[in-house]
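So this one's start_8.txt, compact mmCIF, C-alpha atoms:
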```txt
# COMPACT_ATOMS: atom_id res chain seq x y z
CA MET A 1 -64.51 58.72 60.65
CA ALA A 2 -61.67 59.44 58.19
CA GLU A 3 -59.66 62.43 57.06
CA PRO A 4 -59.57 63.74 53.47
CA GLY A 5 -56.58 62.17 51.71
CA SER A 6 -56.62 59.09 53.96
CA THR A 7 -57.67 55.45 53.53
CA ALA A 8 -60.57 54.00 55.49
CA SER A 9 -60.26 50.25 56.13
CA PHE A 10 -63.04 47.81 57.08
CA LYS A 11 -62.48 44.25 58.29
CA LEU A 12 -65.09 41.93 56.78
CA THR A 13 -65.98 38.28 57.38
CA ILE A 14 -67.60 36.10 54.69
CA GLU A 15 -69.54 33.03 55.83
CA ALA A 16 -71.47 30.49 53.76
CA THR A 17 -73.37 27.28 54.48
CA SER A 18 -71.99 25.65 51.32
CA GLY A 19 -68.56 25.89 49.73
CA GLY A 20 -67.88 27.88 46.57
CA GLU A 21 -66.52 31.08 45.08
CA VAL A 22 -68.02 34.33 46.30
CA LYS A 23 -67.74 37.41 44.06
CA LEU A 24 -67.28 40.76 45.74
CA SER A 25 -68.30 44.26 44.62
CA ALA A 26 -68.76 47.73 46.08
CA SER A 27 -71.40 50.19 44.89
CA ASN A 28 -72.36 53.77 45.66
CA VAL A 29 -68.69 54.76 45.77
CA PRO A 30 -68.43 58.56 45.30
CA THR A 31 -66.68 59.95 42.23
CA GLY A 32 -62.97 60.31 42.78
CA TRP A 33 -62.98 57.67 45.52
CA SER A 34 -61.72 54.12 45.06
CA ALA A 35 -62.66 50.93 46.87
CA ARG A 36 -60.68 47.69 46.71
CA PHE A 37 -60.88 44.34 48.48
CA ALA A 38 -57.75 42.76 49.98
CA GLY A 39 -56.97 39.30 51.30
CA GLY A 40 -53.73 37.48 51.96
CA GLY A 41 -51.77 40.62 51.13
CA LEU A 42 -53.27 40.84 47.63
CA THR A 43 -56.04 42.85 45.94
CA ILE A 44 -58.96 40.49 45.21
CA ASP A 45 -62.43 40.56 43.65
CA SER A 46 -63.59 37.16 44.87
CA ALA A 47 -62.87 34.63 47.60
CA TYR A 48 -63.39 30.89 48.04
CA VAL A 49 -65.48 30.13 51.10
CA GLY A 50 -65.75 26.62 52.52
CA PRO A 51 -68.76 25.38 54.43
CA ASP A 52 -68.63 26.68 57.99
CA LYS A 53 -65.16 28.13 57.29
CA PRO A 54 -65.42 31.94 57.34
CA VAL A 55 -62.90 34.04 55.37
CA GLU A 56 -61.44 37.32 56.61
CA ILE A 57 -60.98 40.13 54.04
CA SER A 58 -60.60 43.91 54.07
CA LEU A 59 -62.24 46.73 52.17
CA ASN A 60 -59.94 49.72 51.72
CA VAL A 61 -61.56 52.98 50.65
CA ASP A 62 -59.23 55.72 49.37
CA ILE A 63 -60.61 59.16 50.09
CA PRO A 64 -59.31 62.04 47.94
CA ALA A 65 -57.69 65.06 49.59
CA ASP A 66 -60.48 67.35 48.33
CA ALA A 67 -63.33 65.20 49.69
CA GLN A 68 -66.07 67.20 51.37
CA ALA A 69 -66.95 66.64 55.01
CA GLY A 70 -70.02 64.45 55.55
CA SER A 71 -71.25 60.85 55.54
CA THR A 72 -71.37 58.40 52.62
CA THR A 73 -72.85 54.90 52.57
CA ILE A 74 -71.03 52.30 50.46
CA ARG A 75 -72.78 48.99 49.77
CA VAL A 76 -70.73 45.81 49.69
CA SER A 77 -72.24 42.86 47.82
CA ALA A 78 -71.22 39.19 47.95
CA THR A 79 -72.74 36.76 45.41
CA GLY A 80 -72.20 33.05 45.06
CA ALA A 81 -74.46 30.22 46.12
CA GLY A 82 -76.52 33.04 47.60
CA SER A 83 -76.13 36.79 47.92
CA ALA A 84 -75.81 39.35 50.67
CA THR A 85 -75.38 43.13 50.89
CA LEU A 86 -73.76 45.09 53.70
CA PRO A 87 -74.04 48.88 53.99
CA LEU A 88 -70.95 50.65 55.32
CA SER A 89 -71.00 54.28 56.42
CA VAL A 90 -67.93 56.45 55.90
CA ARG A 91 -67.88 59.79 57.65
CA VAL A 92 -65.39 62.32 56.29
CA ALA A 93 -64.15 64.74 58.93
CA ASP A 94 -63.17 68.34 58.38
CA ALA A 95 -59.56 68.46 57.16
CA ALA A 96 -58.78 71.03 59.83
CA ALA A 97 -59.59 68.55 62.58
CA GLY A 98 -55.97 67.34 62.81
CA GLY A 99 -52.85 66.35 60.97
CA VAL A 100 -49.62 64.39 61.19
CA THR A 101 -46.60 65.92 62.92
CA LEU A 102 -43.00 64.81 63.44
CA THR A 103 -40.95 66.37 66.24
CA SER A 104 -37.59 65.78 67.94
CA ASP A 105 -36.50 66.85 71.41
CA PHE A 106 -32.88 67.17 70.24
CA PRO A 107 -32.68 68.00 66.51
CA GLU A 108 -28.87 68.49 66.66
CA LEU A 109 -26.19 66.22 68.10
CA LYS A 110 -22.43 66.75 68.36
CA GLY A 111 -19.57 64.31 68.80
CA PRO A 112 -16.43 62.74 67.31
CA SER A 113 -16.46 60.80 64.05
CA SER A 114 -16.12 57.51 65.96
CA SER A 115 -19.64 57.94 67.42
CA THR A 116 -23.00 56.62 66.24
CA PHE A 117 -25.63 59.33 66.67
CA THR A 118 -29.16 58.42 67.82
CA PHE A 119 -32.23 60.67 67.58
CA ASN A 120 -35.64 59.97 69.10
CA LEU A 121 -38.56 61.49 67.18
CA THR A 122 -42.26 61.56 68.05
CA LEU A 123 -44.74 60.83 65.25
CA SER A 124 -48.21 62.14 66.18
CA ASN A 125 -51.32 61.10 64.28
CA GLY A 126 -53.83 63.89 64.85
CA THR A 127 -56.30 62.48 62.32
CA ALA A 128 -59.46 60.56 63.15
CA ALA A 129 -58.26 57.26 61.65
CA GLU A 130 -55.55 54.69 62.36
CA GLU A 131 -52.82 54.97 59.73
CA THR A 132 -49.75 53.05 58.58
CA PHE A 133 -46.74 55.28 58.04
CA ALA A 134 -43.69 54.42 55.93
CA LEU A 135 -40.35 55.66 57.31
CA ASP A 136 -37.31 56.86 55.39
CA ALA A 137 -34.11 58.71 56.35
CA GLN A 138 -31.37 60.19 54.21
CA GLY A 139 -27.94 61.53 55.16
CA ALA A 140 -24.88 63.00 53.48
CA PRO A 141 -22.98 60.82 50.96
CA GLY A 142 -21.17 57.97 52.69
CA TRP A 143 -23.29 58.13 55.84
CA THR A 144 -25.36 55.15 57.05
CA VAL A 145 -28.74 56.44 58.24
CA THR A 146 -31.78 54.39 59.31
CA ALA A 147 -35.25 55.16 60.71
CA LYS A 148 -37.07 52.45 62.68
CA PRO A 149 -39.99 52.30 65.11
CA SER A 150 -38.52 52.17 68.62
CA GLY A 151 -37.83 48.59 69.65
CA GLN A 152 -38.22 47.25 66.09
CA ALA A 153 -34.85 46.51 64.53
CA GLN A 154 -36.16 45.43 61.11
CA ALA A 155 -39.41 47.35 60.57
CA THR A 156 -39.59 50.23 58.09
CA SER A 157 -43.16 51.29 58.88
CA THR A 158 -45.33 51.84 61.92
CA VAL A 159 -49.05 51.86 62.68
CA VAL A 160 -50.32 54.81 64.72
CA GLY A 161 -53.86 54.99 66.05
CA ALA A 162 -56.14 57.99 65.69
CA GLY A 163 -55.04 60.71 68.08
CA ALA A 164 -52.07 58.61 69.22
CA SER A 165 -48.31 58.89 68.79
CA SER A 166 -45.30 56.62 68.22
CA THR A 167 -41.56 56.98 68.81
CA ILE A 168 -39.16 56.67 65.89
CA THR A 169 -35.46 55.99 66.40
CA VAL A 170 -33.09 57.46 63.81
CA THR A 171 -29.41 56.42 63.82
CA ALA A 172 -26.68 58.13 61.82
CA GLU A 173 -23.21 56.63 61.44
CA PRO A 174 -20.53 58.76 59.73
CA PRO A 175 -18.03 57.29 57.26
CA ALA A 176 -14.38 56.80 58.16
CA GLU A 177 -12.14 59.85 57.76
CA VAL A 178 -15.12 62.24 57.82
CA GLU A 179 -14.09 65.87 58.22
CA ALA A 180 -15.15 67.98 61.18
CA ALA A 181 -18.28 69.85 60.01
CA SER A 182 -22.09 69.85 60.24
CA TYR A 183 -24.08 67.29 58.22
CA PRO A 184 -27.88 67.17 57.57
CA VAL A 185 -30.16 64.18 58.20
CA LEU A 186 -33.63 64.27 56.60
CA VAL A 187 -36.41 62.01 57.93
CA THR A 188 -39.55 61.49 55.79
CA VAL A 189 -42.78 59.90 57.04
CA THR A 190 -45.57 59.07 54.57
CA GLY A 191 -49.05 57.75 55.34
CA GLY A 192 -52.74 58.57 55.27
CA GLY A 193 -52.28 60.71 52.20
CA GLN A 194 -49.83 62.99 54.05
CA THR A 195 -46.06 63.43 54.03
CA VAL A 196 -44.14 65.10 56.85
CA GLN A 197 -40.41 65.64 57.20
CA GLY A 198 -38.04 66.24 60.07
CA GLU A 199 -34.71 68.00 59.61
CA LEU A 200 -31.89 66.88 61.89
CA LYS A 201 -28.22 67.81 62.08
CA VAL A 202 -25.02 66.07 63.21
CA THR A 203 -21.94 68.13 63.98
CA ILE A 204 -18.66 66.20 63.82
CA THR A 205 -16.11 67.62 66.23
CA GLY A 206 -13.29 65.39 64.96
CA THR A 207 -11.25 62.63 66.59
CA PHE A 208 -8.26 63.23 68.81
CA ALA A 209 -5.21 60.93 68.83
CA ILE A 210 -1.47 61.29 69.47
CA ASP A 211 1.36 59.02 68.32
CA VAL A 212 4.77 59.34 70.00
CA SER A 213 7.86 57.86 68.33
CA THR A 214 11.39 58.78 67.21
CA PRO A 215 12.32 60.09 63.75
CA ASN A 216 14.17 56.87 62.90
CA GLU A 217 11.78 54.57 64.84
CA VAL A 218 14.69 53.42 67.07
CA LEU A 219 13.51 53.27 70.68
CA SER A 220 16.91 52.99 72.41
CA THR A 221 19.96 55.12 73.10
CA THR A 222 23.19 55.11 75.13
CA ALA A 223 24.34 57.49 77.84
CA ASN A 224 27.24 57.93 80.25
CA ALA A 225 26.54 58.20 83.95
CA GLY A 226 26.21 61.87 84.90
CA THR A 227 26.34 63.02 81.24
CA ARG A 228 23.44 64.43 79.24
CA THR A 229 22.24 62.62 76.12
CA ASP A 230 19.88 64.29 73.63
CA MET A 231 17.23 62.14 71.95
CA PRO A 232 14.78 63.61 69.39
CA MET A 233 11.12 62.63 69.79
CA LYS A 234 8.45 62.80 67.07
CA ILE A 235 4.92 63.73 68.17
CA THR A 236 2.26 63.15 65.48
CA ASN A 237 -1.40 64.22 65.39
CA SER A 238 -3.07 61.07 64.03
CA GLY A 239 -6.61 62.36 64.59
CA THR A 240 -8.88 64.56 62.48
CA ALA A 241 -8.95 67.68 64.68
CA PRO A 242 -6.15 70.00 65.87
CA LEU A 243 -4.31 69.27 69.13
CA THR A 244 -3.53 72.15 71.46
CA GLN A 245 -1.06 72.70 74.31
CA VAL A 246 0.87 69.47 73.73
CA THR A 247 3.13 68.98 76.76
CA PRO A 248 5.78 66.23 76.95
CA SER A 249 6.66 64.65 80.29
CA SER A 250 8.62 61.63 81.53
CA THR A 251 8.94 58.92 84.15
CA ALA A 252 12.62 58.06 84.73
CA PRO A 253 14.75 56.17 87.30
CA THR A 254 15.36 57.87 90.66
CA ARG A 255 17.51 61.05 90.53
CA TRP A 256 17.66 61.03 86.73
CA THR A 257 16.68 64.27 85.00
CA VAL A 258 14.76 64.58 81.71
CA VAL A 259 14.18 68.04 80.21
CA PHE A 260 12.23 68.68 76.99
CA ASP A 261 12.95 71.35 74.40
CA PRO A 262 10.48 72.88 73.67
CA ALA A 263 8.55 72.34 76.91
CA VAL A 264 5.15 72.99 75.23
CA ILE A 265 3.91 72.76 71.64
CA GLU A 266 1.09 75.25 71.10
CA SER A 267 -0.74 73.31 68.34
CA ILE A 268 -0.36 70.38 65.94
CA ALA A 269 -2.65 70.18 62.90
CA PRO A 270 -4.24 66.85 61.81
CA GLY A 271 -1.68 64.66 60.04
CA GLU A 272 1.22 66.91 61.06
CA SER A 273 4.17 66.19 63.39
CA ALA A 274 6.37 68.17 65.75
CA THR A 275 9.87 67.32 67.02
CA VAL A 276 10.86 67.60 70.68
CA THR A 277 14.32 66.91 72.10
CA ALA A 278 14.44 64.86 75.28
CA GLN A 279 17.58 65.80 77.25
CA ILE A 280 18.26 62.69 79.39
CA THR A 281 20.85 62.80 82.17
CA PRO A 282 21.47 59.64 84.25
CA THR A 283 22.60 60.05 87.83
CA GLY A 284 26.38 60.28 88.29
CA ASP A 285 26.60 57.00 90.20
CA ALA A 286 24.42 55.01 87.83
CA ILE A 287 25.63 51.43 87.38
CA SER A 288 26.22 50.21 83.84
CA GLY A 289 23.11 48.54 82.45
CA ASP A 290 19.78 49.09 80.68
CA TYR A 291 17.14 51.48 82.06
CA ASN A 292 13.64 52.44 80.89
CA VAL A 293 12.43 56.03 80.48
CA SER A 294 8.71 56.53 79.72
CA ILE A 295 7.80 59.53 77.54
CA THR A 296 4.24 60.94 77.51
CA ALA A 297 2.85 63.64 75.21
CA LYS A 298 -0.37 65.06 76.63
CA ALA A 299 -2.61 67.58 74.88
CA ALA A 300 -5.80 69.22 76.07
CA GLU A 301 -7.72 66.63 74.00
CA ALA A 302 -5.69 63.38 74.06
CA SER A 303 -2.39 61.78 75.05
CA GLY A 304 0.13 59.23 73.81
CA ASP A 305 3.26 57.58 75.18
CA LEU A 306 6.19 55.26 74.51
CA THR A 307 9.14 53.76 76.42
CA ILE A 308 12.79 54.41 75.61
CA ARG A 309 15.56 51.97 76.63
CA VAL A 310 18.68 53.80 77.82
CA LYS A 311 21.95 51.85 78.07
CA VAL A 312 24.22 53.44 80.66
CA GLU A 313 28.00 53.06 80.18
CA THR A 314 30.84 53.96 82.55
CA PRO A 315 32.74 57.06 81.31
CA ALA A 316 36.17 56.36 79.72
CA PHE A 317 38.15 58.38 82.28
CA TRP A 318 37.07 56.02 85.06
CA TRP A 319 38.60 52.94 83.46
CA ILE A 320 41.68 54.94 82.51
CA ALA A 321 41.96 56.05 86.13
CA GLY A 322 41.51 52.45 87.23
CA VAL A 323 44.26 51.21 84.95
CA ALA A 324 46.56 54.00 86.16
CA LEU A 325 45.81 53.11 89.78
CA ILE A 326 46.61 49.43 89.19
CA ALA A 327 49.84 50.39 87.42
CA ALA A 328 50.80 52.68 90.30
CA VAL A 329 50.18 49.92 92.83
CA PHE A 330 52.29 47.50 90.76
CA VAL A 331 55.17 49.98 90.51
CA GLY A 332 54.99 50.64 94.23
CA LEU A 333 55.10 46.97 95.11
CA THR A 334 58.06 46.44 92.78
CA TRP A 335 59.99 49.26 94.46
CA VAL A 336 59.24 47.85 97.91
CA PHE A 337 60.52 44.41 97.00
CA ARG A 338 63.68 45.76 95.40
CA THR A 339 64.42 48.10 98.24
CA TYR A 340 63.73 45.91 101.20
CA GLY A 341 63.91 42.45 99.72
CA ARG A 342 67.77 42.23 100.18
CA ARG A 343 67.73 42.96 103.92
```
Could I get this structure in the form of structure tokens?
Amino acid sequence: MAEPGSTASFKLTIEATSGGEVKLSASNVPTGWSARFAGGGLTIDSAYVGPDKPVEISLNVDIPADAQAGSTTIRVSATGAGSATLPLSVRVADAAAGGVTLTSDFPELKGPSSSTFTFNLTLSNGTAAEETFALDAQGAPGWTVTAKPSGQAQATSTVVGAGASSTITVTAEPPAEVEAASYPVLVTVTGGGQTVQGELKVTITGTFAIDVSTPNEVLSTTANAGTRTDMPMKITNSGTAPLTQVTPSSTAPTRWTVVFDPAVIESIAPGESATVTAQITPTGDAISGDYNVSITAKAAEASGDLTIRVKVETPAFWWIAGVALIAAVFVGLTWVFRTYGRR
């Protein structure tokens, strides 16, 4: 049984007791129908048959979409060293008996531009005949979109039995630097004289990324023990979606203080930067040397960090006081020797 607008296929075997060419023909084909023989992937009208070596061929009968329901007998003839005729009955079902449908459990997916989006669609063949369906998928310019039978990485078509269904996997990969928006994906399935389409949608939410640096790209500074040093920090939104509530924080040596001005940045647009001042104060008894201060900028969507090297120096008044103390001791010793050295 076949549906109007479909193709009915018959597998035939030709056998002969002696080798030779066998000519093929089909008669009693209704007006508007077409019948063609196929073998080895080609359309043929004859086949060479060796002795005791049967040949497998197919007869494909194209049924027009306006064909009336009922039965038709087509006669297949093979002539060569002998002749034979085979009657084949084709029953055309009512067109309302079933159709081809394409459905998806999740027709819309959302995610960042770094994602590859995968849809699973169900192709149902409600007709009375097995059909081969060609698959095609189209996306927005720059997108890479494919439609494959599930589990078949290279196939672009699938065979679905009468009353059966098959799963189709559609993947959509956005181009680099795609803007946050909604993009359509159109899936087209053609077979059995019918074409069905499925409309899908991908919503790009954007990518989130933060870069933390300094305006002059220098990642070191100097400070005096117990004295505040201001260091400007540059926070850049290197993603494709806005960043919100960007809060800087730090990890510093024990008893150091680091305060940020401003303490919170409400929003940074894609490609834009904001400047924050890190007010770094080493402890008053810090020994001269190099110390690391880690700076983190954390937003509601992403975070970034860097490490600053702080060189601590002893304040000038301490060495001045030290020199004065040494001088005072020297003067005192000199006075002692002069005063008591003669006794």
Which residues of segment 196-242 of chain A come within 8 Å of segment 99-113 of chain A, and for each one, what is the closest pair of atoms and their distance in Å to one decimal, counting only C-alpha atoms, sorted by chain and residue number, as JSON lines?
```
{"residue": "A:Val196", "atom": "CA", "partner": "A:Thr101", "partner_atom": "CA", "distance": 6.6}
{"residue": "A:Gln197", "atom": "CA", "partner": "A:Leu102", "partner_atom": "CA", "distance": 6.8}
{"residue": "A:Gly198", "atom": "CA", "partner": "A:Leu102", "partner_atom": "CA", "distance": 6.2}
{"residue": "A:Glu199", "atom": "CA", "partner": "A:Pro107", "partner_atom": "CA", "distance": 7.2}
{"residue": "A:Leu200", "atom": "CA", "partner": "A:Pro107", "partner_atom": "CA", "distance": 4.8}
{"residue": "A:Lys201", "atom": "CA", "partner": "A:Glu108", "partner_atom": "CA", "distance": 4.7}
{"residue": "A:Val202", "atom": "CA", "partner": "A:Leu109", "partner_atom": "CA", "distance": 5.0}
{"residue": "A:Thr203", "atom": "CA", "partner": "A:Lys110", "partner_atom": "CA", "distance": 4.6}
{"residue": "A:Ile204", "atom": "CA", "partner": "A:Pro112", "partner_atom": "CA", "distance": 5.4}
{"residue": "A:Thr205", "atom": "CA", "partner": "A:Pro112", "partner_atom": "CA", "distance": 5.0}
{"residue": "A:Gly206", "atom": "CA", "partner": "A:Pro112", "partner_atom": "CA", "distance": 4.7}
{"residue": "A:Thr207", "atom": "CA", "partner": "A:Pro112", "partner_atom": "CA", "distance": 5.2}
```
Selection export as a compact mmCIF listing (two decimals), keeping the file's coordinate frame, atoms kept: C-alpha atoms:
```txt
# COMPACT_ATOMS: atom_id res chain seq x y z
CA VAL A 196 -44.14 65.10 56.85
CA GLN A 197 -40.41 65.64 57.20
CA GLY A 198 -38.04 66.24 60.07
CA GLU A 199 -34.71 68.00 59.61
CA LEU A 200 -31.89 66.88 61.89
CA LYS A 201 -28.22 67.81 62.08
CA VAL A 202 -25.02 66.07 63.21
CA THR A 203 -21.94 68.13 63.98
CA ILE A 204 -18.66 66.20 63.82
CA THR A 205 -16.11 67.62 66.23
CA GLY A 206 -13.29 65.39 64.96
CA THR A 207 -11.25 62.63 66.59
```
One-decimal distance in Å that lies between atom CA of Ser157 of chain A and atom CA of Ala2 of chain A: 20.2 Å
Nearest-residue call for Thr227 of chain A, choices A:Tyr183, A:Trp335, A:Trp256, A:Phe208, using only C-alpha atoms: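 Among the listed residues, the smallest separation from Thr227 of chain A belongs to A:Trp256.
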Nearest candidate to Pro232 of chain A (options A:Gly191, A:Arg255, A:Ser220, A:Thr277; using all atoms listed in the file):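 Among the listed residues, A:Thr277 lies closest to Pro232 of chain A.
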Arg75 of chain A environment, 6 Å, all atoms listed in the file, sequence neighbours closer than 4 positions dropped, as a PyMOL selection string: chain A and resi 26-27+86-87
d(atom CA of Ser303 of chain A, atom CA of Ala209 of chain A) in Å: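 Value for the atom CA of Ser303 of chain A-atom CA of Ala209 of chain A distance: 6.9 Å.
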